[in-house]
file upload-v8.txt (compact mmCIF, C-alpha atoms and all ligand atoms)
# COMPACT_ATOMS: atom_id res chain seq x y z
CA MET A 1 82.82 85.80 102.72
CA SER A 2 86.36 86.46 103.66
CA MET A 3 89.78 85.26 102.69
CA THR A 4 92.99 84.85 104.52
CA GLY A 5 96.30 85.25 102.80
CA SER A 6 98.79 82.41 102.55
CA SER A 7 102.54 82.61 102.85
CA ILE A 8 104.68 81.76 99.82
CA ALA A 9 108.12 80.21 100.29
CA ILE A 10 110.42 80.02 97.28
CA ASN A 11 113.75 78.30 97.77
CA GLN A 12 116.57 77.59 95.36
CA LEU A 13 114.20 77.88 92.43
CA SER A 14 115.26 77.58 88.80
CA LEU A 15 112.86 77.56 85.87
CA THR A 16 113.59 76.15 82.45
CA LEU A 17 111.52 76.69 79.30
CA ASP A 18 112.38 74.84 76.08
CA GLY A 19 115.74 73.83 77.54
CA ASN A 20 116.69 77.42 78.46
CA GLU A 21 117.20 78.34 82.08
CA ILE A 22 115.09 81.49 82.39
CA VAL A 23 115.39 82.20 86.14
CA SER A 24 117.93 80.78 88.50
CA GLN A 25 118.54 80.51 92.24
CA ILE A 26 115.47 82.41 93.41
CA ASP A 27 114.97 82.62 97.16
CA LEU A 28 111.99 84.66 98.28
CA GLN A 29 109.78 84.43 101.36
CA ILE A 30 106.43 86.22 101.17
CA ALA A 31 104.32 86.64 104.30
CA ALA A 32 100.61 85.83 104.45
CA GLY A 33 98.67 88.93 103.39
CA GLU A 34 101.69 90.69 101.94
CA PHE A 35 101.62 92.67 98.67
CA VAL A 36 104.80 92.06 96.67
CA CYS A 37 105.62 93.63 93.29
CA LEU A 38 108.08 92.10 90.83
CA LEU A 39 110.00 94.59 88.67
CA GLY A 40 112.75 93.93 86.17
CA PRO A 41 113.99 94.40 82.63
CA SER A 42 111.70 93.21 79.86
CA GLY A 43 112.02 89.48 79.25
CA CYS A 44 113.90 88.75 82.49
CA GLY A 45 111.38 86.15 83.62
CA LYS A 46 108.84 87.93 85.85
CA SER A 47 105.87 86.24 84.17
CA THR A 48 107.66 82.90 84.20
CA LEU A 49 108.20 83.21 87.95
CA LEU A 50 104.53 84.18 88.47
CA ASN A 51 103.42 81.28 86.29
CA ALA A 52 105.53 78.91 88.36
CA ILE A 53 103.78 80.08 91.56
CA ALA A 54 100.48 79.56 89.71
CA GLY A 55 101.61 76.01 88.94
CA PHE A 56 101.65 76.49 85.15
CA VAL A 57 105.44 76.04 84.86
CA PRO A 58 107.26 73.11 86.49
CA ALA A 59 109.60 74.19 89.26
CA ASN A 60 113.12 73.00 89.74
CA GLY A 61 113.49 73.79 93.44
CA HIS A 62 110.78 74.53 95.97
CA ILE A 63 107.65 76.64 95.91
CA ARG A 64 105.36 76.26 98.90
CA VAL A 65 102.07 78.03 99.47
CA ALA A 66 100.86 77.85 103.07
CA GLY A 67 103.58 75.23 103.58
CA LYS A 68 102.25 72.98 100.79
CA ALA A 69 104.40 72.21 97.72
CA VAL A 70 103.02 73.63 94.46
CA ASN A 71 102.68 70.83 91.93
CA GLY A 72 100.18 72.41 89.54
CA PRO A 73 97.39 74.98 89.41
CA GLY A 74 95.03 75.14 92.38
CA VAL A 75 91.98 77.04 93.54
CA ASP A 76 94.05 78.53 96.38
CA ARG A 77 95.87 80.65 93.73
CA GLY A 78 93.99 82.97 91.38
CA VAL A 79 95.61 84.55 88.32
CA VAL A 80 94.68 87.90 86.76
CA PHE A 81 96.16 88.45 83.30
CA GLN A 82 96.88 91.65 81.40
CA SER A 83 94.57 90.68 78.62
CA SER A 84 90.84 91.07 79.07
CA GLU A 85 90.49 88.18 76.62
CA ALA A 86 90.72 86.03 79.75
CA LEU A 87 86.94 86.59 80.10
CA PHE A 88 84.55 84.30 78.20
CA PRO A 89 82.95 86.57 75.58
CA TRP A 90 79.81 84.41 75.32
CA LEU A 91 79.00 84.81 79.02
CA THR A 92 77.72 87.90 80.81
CA VAL A 93 79.84 89.47 83.53
CA ARG A 94 77.78 87.71 86.19
CA GLU A 95 78.05 84.36 84.39
CA ASN A 96 81.82 84.87 84.04
CA VAL A 97 82.08 85.53 87.77
CA GLU A 98 79.89 82.54 88.62
CA TYR A 99 81.89 80.23 86.34
CA GLY A 100 84.43 79.09 88.96
CA PRO A 101 81.88 78.39 91.73
CA ARG A 102 79.68 76.59 89.15
CA LEU A 103 82.62 74.28 88.27
CA ARG A 104 83.09 73.61 91.96
CA GLY A 105 79.44 72.60 92.30
CA VAL A 106 78.38 75.58 94.44
CA SER A 107 74.57 75.87 94.57
CA SER A 108 72.93 78.49 92.36
CA ARG A 109 71.74 80.51 95.36
CA LYS A 110 75.19 80.61 96.93
CA ARG A 111 76.75 81.39 93.52
CA ALA A 112 74.47 84.37 93.07
CA GLU A 113 75.28 85.57 96.57
CA LEU A 114 79.03 85.25 95.92
CA ALA A 115 78.76 87.00 92.55
CA ASP A 116 76.75 89.87 94.10
CA HIS A 117 79.36 90.30 96.80
CA TYR A 118 82.42 90.31 94.54
CA LEU A 119 80.80 92.36 91.76
CA SER A 120 79.97 94.95 94.39
CA LEU A 121 83.51 94.79 95.81
CA VAL A 122 84.99 95.64 92.39
CA GLY A 123 82.29 98.26 91.68
CA LEU A 124 80.66 96.36 88.82
CA SER A 125 77.16 95.55 90.12
CA HIS A 126 75.58 97.84 87.54
CA ALA A 127 77.21 95.92 84.63
CA ALA A 128 76.44 92.38 85.83
CA ASP A 129 74.25 91.53 82.83
CA LYS A 130 76.49 93.00 80.15
CA PHE A 131 78.74 90.94 77.89
CA PRO A 132 82.52 91.59 77.96
CA ASP A 133 82.36 93.24 74.50
CA ALA A 134 80.18 96.00 75.93
CA LEU A 135 82.66 96.89 78.69
CA SER A 136 85.55 99.36 78.76
CA GLY A 137 89.06 97.98 79.34
CA GLY A 138 88.95 99.05 82.99
CA MET A 139 85.59 97.36 83.55
CA ARG A 140 86.88 94.16 81.96
CA GLN A 141 89.81 94.12 84.36
CA ARG A 142 87.40 94.66 87.27
CA ALA A 143 85.38 91.72 85.99
CA GLN A 144 88.53 89.59 85.76
CA ILE A 145 89.44 90.50 89.34
CA ALA A 146 85.91 89.60 90.54
CA ARG A 147 86.09 86.31 88.64
CA VAL A 148 89.29 85.44 90.49
CA LEU A 149 88.22 86.70 93.94
CA VAL A 150 84.93 84.79 93.83
CA ASN A 151 86.94 81.58 94.31
CA GLU A 152 88.31 83.14 97.52
CA PRO A 153 91.94 82.31 96.76
CA SER A 154 94.50 82.93 99.48
CA VAL A 155 97.00 84.13 96.86
CA VAL A 156 96.25 86.40 93.89
CA LEU A 157 98.85 86.47 91.12
CA MET A 158 98.59 89.49 88.82
CA ASP A 159 100.54 89.77 85.58
CA GLU A 160 100.58 93.43 84.53
CA PRO A 161 96.82 93.60 85.07
CA PHE A 162 96.65 97.33 84.31
CA GLY A 163 99.33 97.39 81.59
CA ALA A 164 96.88 97.88 78.73
CA LEU A 165 94.81 100.63 80.39
CA ASP A 166 95.01 104.38 79.88
CA ALA A 167 96.79 106.33 82.63
CA GLN A 168 93.63 107.65 84.31
CA THR A 169 91.83 104.29 84.44
CA ARG A 170 95.02 102.70 85.66
CA GLU A 171 95.24 105.16 88.56
CA VAL A 172 91.62 104.49 89.55
CA LEU A 173 92.14 100.72 89.45
CA GLN A 174 95.36 100.98 91.46
CA ARG A 175 93.45 102.73 94.25
CA GLU A 176 90.65 100.18 93.96
CA LEU A 177 93.06 97.26 94.14
CA ASP A 178 94.63 98.71 97.27
CA ARG A 179 91.15 98.86 98.85
CA ILE A 180 90.21 95.35 97.66
CA TRP A 181 93.47 93.90 98.97
CA ARG A 182 92.78 95.39 102.42
CA ALA A 183 89.17 94.18 102.34
CA THR A 184 90.13 90.59 101.46
CA GLY A 185 93.43 90.07 103.27
CA CYS A 186 94.80 87.93 100.42
CA THR A 187 98.47 87.73 99.50
CA ILE A 188 99.22 89.49 96.20
CA VAL A 189 102.17 89.00 93.85
CA PHE A 190 101.99 91.62 91.13
CA VAL A 191 104.20 91.89 88.04
CA THR A 192 104.62 95.36 86.59
CA HIS A 193 106.93 97.43 84.38
CA ASP A 194 105.78 100.56 86.10
CA ILE A 195 108.00 101.64 89.01
CA TRP A 196 105.41 104.13 90.34
CA GLU A 197 102.73 101.45 90.27
CA ALA A 198 104.96 99.24 92.43
CA ILE A 199 105.67 102.10 94.86
CA LEU A 200 101.95 102.96 95.16
CA LEU A 201 100.89 99.37 95.87
CA ALA A 202 103.60 97.19 97.37
CA ASP A 203 104.74 96.29 100.85
CA ARG A 204 107.95 95.07 99.23
CA ILE A 205 109.38 95.47 95.73
CA VAL A 206 111.57 92.73 94.29
CA THR A 207 113.82 93.69 91.37
CA MET A 208 115.29 91.06 89.09
CA THR A 209 118.48 90.97 87.07
CA ALA A 210 118.31 90.72 83.29
CA GLY A 211 118.16 87.20 81.92
CA PRO A 212 119.11 84.63 80.94
CA ARG A 213 119.30 82.95 84.33
CA ALA A 214 117.74 85.99 85.95
CA THR A 215 117.73 86.14 89.72
CA ILE A 216 116.72 88.55 92.46
CA LYS A 217 118.76 91.73 92.45
CA THR A 218 117.26 93.75 95.31
CA ILE A 219 114.35 93.59 97.73
CA GLU A 220 113.07 96.98 98.91
CA THR A 221 110.63 97.35 101.79
CA VAL A 222 108.48 100.35 100.90
CA GLY A 223 107.41 101.24 104.44
CA LEU A 224 105.51 104.42 103.47
CA PRO A 225 101.99 105.26 104.71
CA HIS A 226 98.98 104.76 102.37
CA PRO A 227 97.80 106.45 100.21
CA ARG A 228 101.28 106.97 98.85
CA ASP A 229 102.31 110.32 97.53
CA PRO A 230 104.71 110.36 94.55
CA ALA A 231 105.81 113.85 95.60
CA ASP A 232 107.00 112.58 98.99
CA PRO A 233 110.82 112.77 99.09
CA SER A 234 111.03 109.15 100.35
CA SER A 235 108.91 107.96 97.39
CA LEU A 236 111.12 109.90 95.00
CA ALA A 237 114.31 108.51 96.53
CA LEU A 238 112.92 104.97 96.23
CA TYR A 239 111.87 105.63 92.63
CA ARG A 240 115.39 106.75 91.75
CA ARG A 241 116.97 103.71 93.41
CA LEU A 242 114.67 101.32 91.57
CA ARG A 243 115.14 103.15 88.27
CA ASP A 244 118.92 102.99 88.68
CA ASP A 245 118.87 99.30 89.66
CA ILE A 246 116.77 98.29 86.65
CA GLY A 247 118.53 100.75 84.36
CA ALA A 248 121.89 99.21 85.29
CA GLU A 249 120.56 95.78 84.24
CA VAL A 250 119.27 97.10 80.93
CA THR A 251 122.59 98.85 80.28
CA ARG A 252 124.53 95.70 81.13
CA VAL A 253 122.56 93.65 78.61
CA LEU A 254 122.77 96.25 75.87
CA ARG A 255 126.53 96.58 76.43
CA ALA A 256 126.92 92.80 76.27
CA GLN A 257 125.14 92.97 72.92
CA GLY A 258 127.44 95.84 71.85
CA LEU A 259 124.40 98.10 71.47
CA ALA A 260 124.81 100.83 74.10
CA VAL A 261 127.48 103.30 75.04
CA GLY A 262 125.79 105.67 77.52
CA GLU A 263 123.53 105.06 80.48
CA VAL A 264 120.03 103.75 79.88
CA ALA A 265 117.15 104.55 82.21
CA ALA A 266 114.45 101.94 82.76
N1 LIG B 1 107.11 79.08 76.29
C1 LIG B 1 108.35 79.55 76.25
N2 LIG B 1 109.35 78.81 75.73
C2 LIG B 1 110.60 79.28 75.70
N3 LIG B 1 110.99 80.48 76.17
C3 LIG B 1 110.04 81.25 76.67
C4 LIG B 1 108.67 80.84 76.75
N4 LIG B 1 107.96 81.82 77.34
C5 LIG B 1 108.84 82.82 77.61
N5 LIG B 1 110.07 82.47 77.22
C6 LIG B 1 111.29 83.28 77.37
O1 LIG B 1 111.51 83.39 78.75
C7 LIG B 1 112.06 84.69 79.04
C8 LIG B 1 111.28 85.32 80.14
O2 LIG B 1 109.97 85.62 79.67
P1 LIG B 1 108.92 86.30 80.64
O3 LIG B 1 107.70 86.56 79.83
O4 LIG B 1 108.80 85.49 81.87
O5 LIG B 1 109.65 87.66 81.01
P2 LIG B 1 109.05 89.00 81.63
O6 LIG B 1 110.09 89.54 82.52
O7 LIG B 1 107.71 88.75 82.19
O8 LIG B 1 108.91 89.87 80.31
P3 LIG B 1 108.09 91.21 80.04
O9 LIG B 1 108.51 92.16 81.09
O10 LIG B 1 108.56 91.64 78.68
O11 LIG B 1 106.65 90.84 80.08
C9 LIG B 1 112.07 85.46 77.73
O12 LIG B 1 113.37 85.44 77.23
C10 LIG B 1 111.13 84.71 76.84
O13 LIG B 1 111.56 84.80 75.51
call {"tool": "encode", "arguments": {"input": "upload-v8.txt", "output": "structure tokens", "more": "lines below"}}
Ligand SMILES: Nc1ncnc2c1ncn2[C@@H]1O[C@H](COP(=O)(O)OP(=O)(O)OP(=O)(O)O)[C@@H](O)[C@H]1O
result
Amino acid sequence: MSMTGSSIAINQLSLTLDGNEIVSQIDLQIAAGEFVCLLGPSGCGKSTLLNAIAGFVPANGHIRVAGKAVNGPGVDRGVVFQSSEALFPWLTVRENVEYGPRLRGVSSRKRAELADHYLSLVGLSHAADKFPDALSGGMRQRAQIARVLVNEPSVVLMDEPFGALDAQTREVLQRELDRIWRATGCTIVFVTHDIWEAILLADRIVTMTAGPRATIKTIETVGLPHPRDPADPSSLALYRRLRDDIGAEVTRVLRAQGLAVGEVAA
């Protein structure tokens, strides 16, 4: 039970929703097994870009995963959402995790084996027979991650997966995700609002301009050893750069709307 990450190649990509061009001229090459975070002002189009890689949003331009054009959703790409409502409330954790393999016709013995493995990987073996309602927010997100990993995708797309969690649970799950990513070798694209979260997790951090027609503003290679220490001067310098880059975008938009006079931090 192992995965290999796939590369993602995005070239000259624009995305239009309801006739509005949300993101424009995106060029981004992600290596197999890389962990990339997307940061940017609220509403700039981070989720739209992630959804396009997932195949939920039609692409104008090119998105290739492992060299193959993305034309719709596929089992090679798993998506973890912020909301724990993504779990089926009428199924136990184990049944939720086995759902994907069951759809793919995997035998019950193999399904159970896969579920055991991925529930253990996310630290949820003890809660396998519980229903989602009986779980804490952090446990539900673990279950969602197991439900995605059980399909052994080469790319995991995560849309603010820890955004609704309290700070302590979030920190625990960030460490866990770092471990899980290393254990699986999958490629991760992770949308967040949280600059520290991006610094703790990412190989590279992509910042986006404010929309409409948002595009890539900067790409930072983090290049710091794991586990990352927020008190490290290099981490702090990177935090300030990212904060200033995103803050400048927020300020620009507010000024354009005639709403801001001073500087605005992200
Ligand atoms: N189905 C849709 N139809 C039309 N416009 C949409 C649709 N979904 C999102 N949008 C618009 O697309 C833009 C980008 O939304 P998106 O959710 O991708 O941004 P985001 O950067 O992920 O936002 P946030 O950080 O607040 O989660 C927003 O202006 C939003 O209003």
call {"tool": "atom_distance", "arguments": {"input": "upload-v8.txt", "atom1": "CA of Pro89 in chain A", "atom2": "atom O4 of ligand LIG 1 (chain B)"}}
result
26.6 Å
call {"tool": "residues_around", "arguments": {"input": "upload-v8.txt", "residues": "Arg240 in chain A", "least_positions_apart": "3", "cutoff": "12 Å", "atoms": "all atoms listed in the file", "output": "list in words"}}
result
Ile195, Trp196, Ile199, Pro230, Pro233, Ser234, Ser235, Leu236, Ala237, Arg243, Asp244, Asp245, Ile246, Gly247, Ala248, Ala265 and Ala266 of chain A
call {"tool": "closest_residue", "arguments": {"input": "upload-v8.txt", "among": "A:Pro153, A:Gly211, A:Pro132, A:Gly72", "to": "ligand LIG 1 (chain B)", "atoms": "all atoms listed in the file"}}
result
A:Gly211
call {"tool": "closest_atom_pairs", "arguments": {"input": "upload-v8.txt", "of": "range 1-45 of chain A", "to": "range 170-184 of chain A", "cutoff": "12 Å", "atoms": "all atoms listed in the file", "output": "CSV"}}
result
residue,atom,partner,partner_atom,distance
A:Met1,CA,A:Thr184,CA,8.8
A:Ser2,CA,A:Thr184,CA,6.0
A:Met3,CA,A:Thr184,CA,5.5
A:Thr4,CA,A:Thr184,CA,7.1
A:Gly5,CA,A:Thr184,CA,8.3
A:Ser6,CA,A:Thr184,CA,12.0
A:Ala32,CA,A:Thr184,CA,11.9
A:Gly33,CA,A:Trp181,CA,8.4
A:Glu34,CA,A:Trp181,CA,9.3
A:Phe35,CA,A:Trp181,CA,8.2
A:Val36,CA,A:Trp181,CA,11.7
call {"tool": "residues_near_ligand", "arguments": {"input": "upload-v8.txt", "ligand": "ligand LIG 1 (chain B)", "cutoff": "10 Å", "atoms": "all atoms listed in the file", "output": "JSON list (two decimals) with C-alpha atoms, keeping the file's coordinate frame"}}
result
[["chain", "number", "residue", "atom", "x", "y", "z"],
["A", 15, "LEU", "CA", 112.86, 77.56, 85.87],
["A", 16, "THR", "CA", 113.59, 76.15, 82.45],
["A", 17, "LEU", "CA", 111.52, 76.69, 79.30],
["A", 18, "ASP", "CA", 112.38, 74.84, 76.08],
["A", 19, "GLY", "CA", 115.74, 73.83, 77.54],
["A", 20, "ASN", "CA", 116.69, 77.42, 78.46],
["A", 21, "GLU", "CA", 117.20, 78.34, 82.08],
["A", 22, "ILE", "CA", 115.09, 81.49, 82.39],
["A", 23, "VAL", "CA", 115.39, 82.20, 86.14],
["A", 38, "LEU", "CA", 108.08, 92.10, 90.83],
["A", 39, "LEU", "CA", 110.00, 94.59, 88.67],
["A", 40, "GLY", "CA", 112.75, 93.93, 86.17],
["A", 41, "PRO", "CA", 113.99, 94.40, 82.63],
["A", 42, "SER", "CA", 111.70, 93.21, 79.86],
["A", 43, "GLY", "CA", 112.02, 89.48, 79.25],
["A", 44, "CYS", "CA", 113.90, 88.75, 82.49],
["A", 45, "GLY", "CA", 111.38, 86.15, 83.62],
["A", 46, "LYS", "CA", 108.84, 87.93, 85.85],
["A", 47, "SER", "CA", 105.87, 86.24, 84.17],
["A", 48, "THR", "CA", 107.66, 82.90, 84.20],
["A", 49, "LEU", "CA", 108.20, 83.21, 87.95],
["A", 50, "LEU", "CA", 104.53, 84.18, 88.47],
["A", 51, "ASN", "CA", 103.42, 81.28, 86.29],
["A", 52, "ALA", "CA", 105.53, 78.91, 88.36],
["A", 57, "VAL", "CA", 105.44, 76.04, 84.86],
["A", 82, "GLN", "CA", 96.88, 91.65, 81.40],
["A", 159, "ASP", "CA", 100.54, 89.77, 85.58],
["A", 160, "GLU", "CA", 100.58, 93.43, 84.53],
["A", 163, "GLY", "CA", 99.33, 97.39, 81.59],
["A", 191, "VAL", "CA", 104.20, 91.89, 88.04],
["A", 192, "THR", "CA", 104.62, 95.36, 86.59],
["A", 193, "HIS", "CA", 106.93, 97.43, 84.38],
["A", 208, "MET", "CA", 115.29, 91.06, 89.09],
["A", 209, "THR", "CA", 118.48, 90.97, 87.07],
["A", 210, "ALA", "CA", 118.31, 90.72, 83.29],
["A", 211, "GLY", "CA", 118.16, 87.20, 81.92],
["A", 212, "PRO", "CA", 119.11, 84.63, 80.94],
["A", 213, "ARG", "CA", 119.30, 82.95, 84.33],
["A", 214, "ALA", "CA", 117.74, 85.99, 85.95]]
call {"tool": "atom_distance", "arguments": {"input": "upload-v8.txt", "atom1": "CA of Asp166 in chain A", "atom2": "CA of Met139 in chain A"}}
result
12.3 Å
call {"tool": "atom_distance", "arguments": {"input": "upload-v8.txt", "atom1": "CA of Ser14 in chain A", "atom2": "CA of Glu197 in chain A"}}
result
27.0 Å
call {"tool": "closest_residue", "arguments": {"input": "upload-v8.txt", "among": "A:Ala143, A:Thr207, A:Gly185, A:Gly138", "to": "Ala167 in chain A", "atoms": "all atoms listed in the file"}}
result
A:Gly138
call {"tool": "residues_around", "arguments": {"input": "upload-v8.txt", "residues": "Arg228 in chain A", "least_positions_apart": "3", "cutoff": "9 Å", "atoms": "all atoms listed in the file", "output": "PyMOL selection string"}}
result
chain A and resi 199-201+224-225+231-232+235
call {"tool": "build_atoms", "arguments": {"input": "upload-v8.txt", "residues": "range 24-57 of chain A", "atoms": "N, CA and C atoms", "output": "PDB file, in the coordinates of the input"}}
result
ATOM      1  N   SER A  24     116.993  81.667  87.821  1.00  0.00           N
ATOM      2  CA  SER A  24     117.930  80.780  88.500  1.00  0.00           C
ATOM      3  C   SER A  24     118.110  81.215  89.961  1.00  0.00           C
ATOM      4  N   GLN A  25     118.159  80.230  90.847  1.00  0.00           N
ATOM      5  CA  GLN A  25     118.540  80.510  92.240  1.00  0.00           C
ATOM      6  C   GLN A  25     117.681  81.592  92.893  1.00  0.00           C
ATOM      7  N   ILE A  26     116.371  81.423  92.782  1.00  0.00           N
ATOM      8  CA  ILE A  26     115.470  82.410  93.410  1.00  0.00           C
ATOM      9  C   ILE A  26     115.145  81.948  94.830  1.00  0.00           C
ATOM     10  N   ASP A  27     115.374  82.843  95.774  1.00  0.00           N
ATOM     11  CA  ASP A  27     114.970  82.620  97.160  1.00  0.00           C
ATOM     12  C   ASP A  27     114.126  83.813  97.569  1.00  0.00           C
ATOM     13  N   LEU A  28     112.879  83.557  97.913  1.00  0.00           N
ATOM     14  CA  LEU A  28     111.990  84.660  98.280  1.00  0.00           C
ATOM     15  C   LEU A  28     110.925  84.147  99.236  1.00  0.00           C
ATOM     16  N   GLN A  29     110.794  84.817 100.368  1.00  0.00           N
ATOM     17  CA  GLN A  29     109.780  84.430 101.360  1.00  0.00           C
ATOM     18  C   GLN A  29     108.754  85.562 101.421  1.00  0.00           C
ATOM     19  N   ILE A  30     107.508  85.227 101.161  1.00  0.00           N
ATOM     20  CA  ILE A  30     106.430  86.220 101.170  1.00  0.00           C
ATOM     21  C   ILE A  30     105.476  85.886 102.317  1.00  0.00           C
ATOM     22  N   ALA A  31     105.181  86.888 103.124  1.00  0.00           N
ATOM     23  CA  ALA A  31     104.320  86.640 104.300  1.00  0.00           C
ATOM     24  C   ALA A  31     102.858  86.583 103.888  1.00  0.00           C
ATOM     25  N   ALA A  32     102.059  85.879 104.679  1.00  0.00           N
ATOM     26  CA  ALA A  32     100.610  85.830 104.450  1.00  0.00           C
ATOM     27  C   ALA A  32     100.053  87.251 104.469  1.00  0.00           C
ATOM     28  N   GLY A  33      99.291  87.608 103.443  1.00  0.00           N
ATOM     29  CA  GLY A  33      98.670  88.930 103.390  1.00  0.00           C
ATOM     30  C   GLY A  33      99.564  90.033 102.863  1.00  0.00           C
ATOM     31  N   GLU A  34     100.764  89.671 102.439  1.00  0.00           N
ATOM     32  CA  GLU A  34     101.690  90.690 101.940  1.00  0.00           C
ATOM     33  C   GLU A  34     101.389  91.021 100.477  1.00  0.00           C
ATOM     34  N   PHE A  35     101.759  92.234 100.057  1.00  0.00           N
ATOM     35  CA  PHE A  35     101.620  92.670  98.670  1.00  0.00           C
ATOM     36  C   PHE A  35     103.035  92.878  98.140  1.00  0.00           C
ATOM     37  N   VAL A  36     103.435  92.003  97.208  1.00  0.00           N
ATOM     38  CA  VAL A  36     104.800  92.060  96.670  1.00  0.00           C
ATOM     39  C   VAL A  36     104.748  92.360  95.178  1.00  0.00           C
ATOM     40  N   CYS A  37     105.521  93.340  94.728  1.00  0.00           N
ATOM     41  CA  CYS A  37     105.620  93.630  93.290  1.00  0.00           C
ATOM     42  C   CYS A  37     106.927  93.105  92.744  1.00  0.00           C
ATOM     43  N   LEU A  38     106.883  92.544  91.533  1.00  0.00           N
ATOM     44  CA  LEU A  38     108.080  92.100  90.830  1.00  0.00           C
ATOM     45  C   LEU A  38     108.353  93.089  89.704  1.00  0.00           C
ATOM     46  N   LEU A  39     109.568  93.649  89.708  1.00  0.00           N
ATOM     47  CA  LEU A  39     110.000  94.590  88.670  1.00  0.00           C
ATOM     48  C   LEU A  39     111.264  94.040  88.041  1.00  0.00           C
ATOM     49  N   GLY A  40     111.490  94.358  86.784  1.00  0.00           N
ATOM     50  CA  GLY A  40     112.750  93.930  86.170  1.00  0.00           C
ATOM     51  C   GLY A  40     112.753  94.226  84.703  1.00  0.00           C
ATOM     52  N   PRO A  41     113.916  94.110  84.054  1.00  0.00           N
ATOM     53  CA  PRO A  41     113.990  94.400  82.630  1.00  0.00           C
ATOM     54  C   PRO A  41     113.052  93.497  81.840  1.00  0.00           C
ATOM     55  N   SER A  42     112.607  93.988  80.707  1.00  0.00           N
ATOM     56  CA  SER A  42     111.700  93.210  79.860  1.00  0.00           C
ATOM     57  C   SER A  42     112.334  91.865  79.511  1.00  0.00           C
ATOM     58  N   GLY A  43     111.549  90.815  79.634  1.00  0.00           N
ATOM     59  CA  GLY A  43     112.020  89.480  79.250  1.00  0.00           C
ATOM     60  C   GLY A  43     112.880  88.786  80.282  1.00  0.00           C
ATOM     61  N   CYS A  44     112.996  89.370  81.504  1.00  0.00           N
ATOM     62  CA  CYS A  44     113.900  88.750  82.490  1.00  0.00           C
ATOM     63  C   CYS A  44     113.297  87.486  83.097  1.00  0.00           C
ATOM     64  N   GLY A  45     111.980  87.370  83.074  1.00  0.00           N
ATOM     65  CA  GLY A  45     111.380  86.150  83.620  1.00  0.00           C
ATOM     66  C   GLY A  45     110.356  86.389  84.713  1.00  0.00           C
ATOM     67  N   LYS A  46     109.831  87.610  84.804  1.00  0.00           N
ATOM     68  CA  LYS A  46     108.840  87.930  85.850  1.00  0.00           C
ATOM     69  C   LYS A  46     107.587  87.073  85.672  1.00  0.00           C
ATOM     70  N   SER A  47     107.089  87.031  84.411  1.00  0.00           N
ATOM     71  CA  SER A  47     105.870  86.240  84.170  1.00  0.00           C
ATOM     72  C   SER A  47     106.140  84.760  84.388  1.00  0.00           C
ATOM     73  N   THR A  48     107.321  84.318  84.018  1.00  0.00           N
ATOM     74  CA  THR A  48     107.660  82.900  84.200  1.00  0.00           C
ATOM     75  C   THR A  48     107.635  82.555  85.684  1.00  0.00           C
ATOM     76  N   LEU A  49     108.184  83.446  86.508  1.00  0.00           N
ATOM     77  CA  LEU A  49     108.200  83.210  87.950  1.00  0.00           C
ATOM     78  C   LEU A  49     106.751  83.183  88.491  1.00  0.00           C
ATOM     79  N   LEU A  50     105.937  84.139  88.036  1.00  0.00           N
ATOM     80  CA  LEU A  50     104.530  84.180  88.470  1.00  0.00           C
ATOM     81  C   LEU A  50     103.796  82.909  88.043  1.00  0.00           C
ATOM     82  N   ASN A  51     104.067  82.488  86.806  1.00  0.00           N
ATOM     83  CA  ASN A  51     103.420  81.280  86.290  1.00  0.00           C
ATOM     84  C   ASN A  51     103.852  80.028  87.056  1.00  0.00           C
ATOM     85  N   ALA A  52     105.068  80.050  87.560  1.00  0.00           N
ATOM     86  CA  ALA A  52     105.530  78.910  88.360  1.00  0.00           C
ATOM     87  C   ALA A  52     104.778  78.873  89.695  1.00  0.00           C
ATOM     88  N   ILE A  53     104.552  80.046  90.296  1.00  0.00           N
ATOM     89  CA  ILE A  53     103.780  80.080  91.560  1.00  0.00           C
ATOM     90  C   ILE A  53     102.342  79.619  91.283  1.00  0.00           C
ATOM     91  N   ALA A  54     101.841  79.990  90.091  1.00  0.00           N
ATOM     92  CA  ALA A  54     100.480  79.560  89.710  1.00  0.00           C
ATOM     93  C   ALA A  54     100.416  78.061  89.467  1.00  0.00           C
ATOM     94  N   GLY A  55     101.579  77.447  89.210  1.00  0.00           N
ATOM     95  CA  GLY A  55     101.610  76.010  88.940  1.00  0.00           C
ATOM     96  C   GLY A  55     101.526  75.684  87.452  1.00  0.00           C
ATOM     97  N   PHE A  56     101.714  76.709  86.598  1.00  0.00           N
ATOM     98  CA  PHE A  56     101.650  76.490  85.150  1.00  0.00           C
ATOM     99  C   PHE A  56     103.000  76.039  84.590  1.00  0.00           C
ATOM    100  N   VAL A  57     104.086  76.339  85.327  1.00  0.00           N
ATOM    101  CA  VAL A  57     105.440  76.040  84.860  1.00  0.00           C
ATOM    102  C   VAL A  57     106.093  75.130  85.898  1.00  0.00           C
TER     103      VAL A  57
END
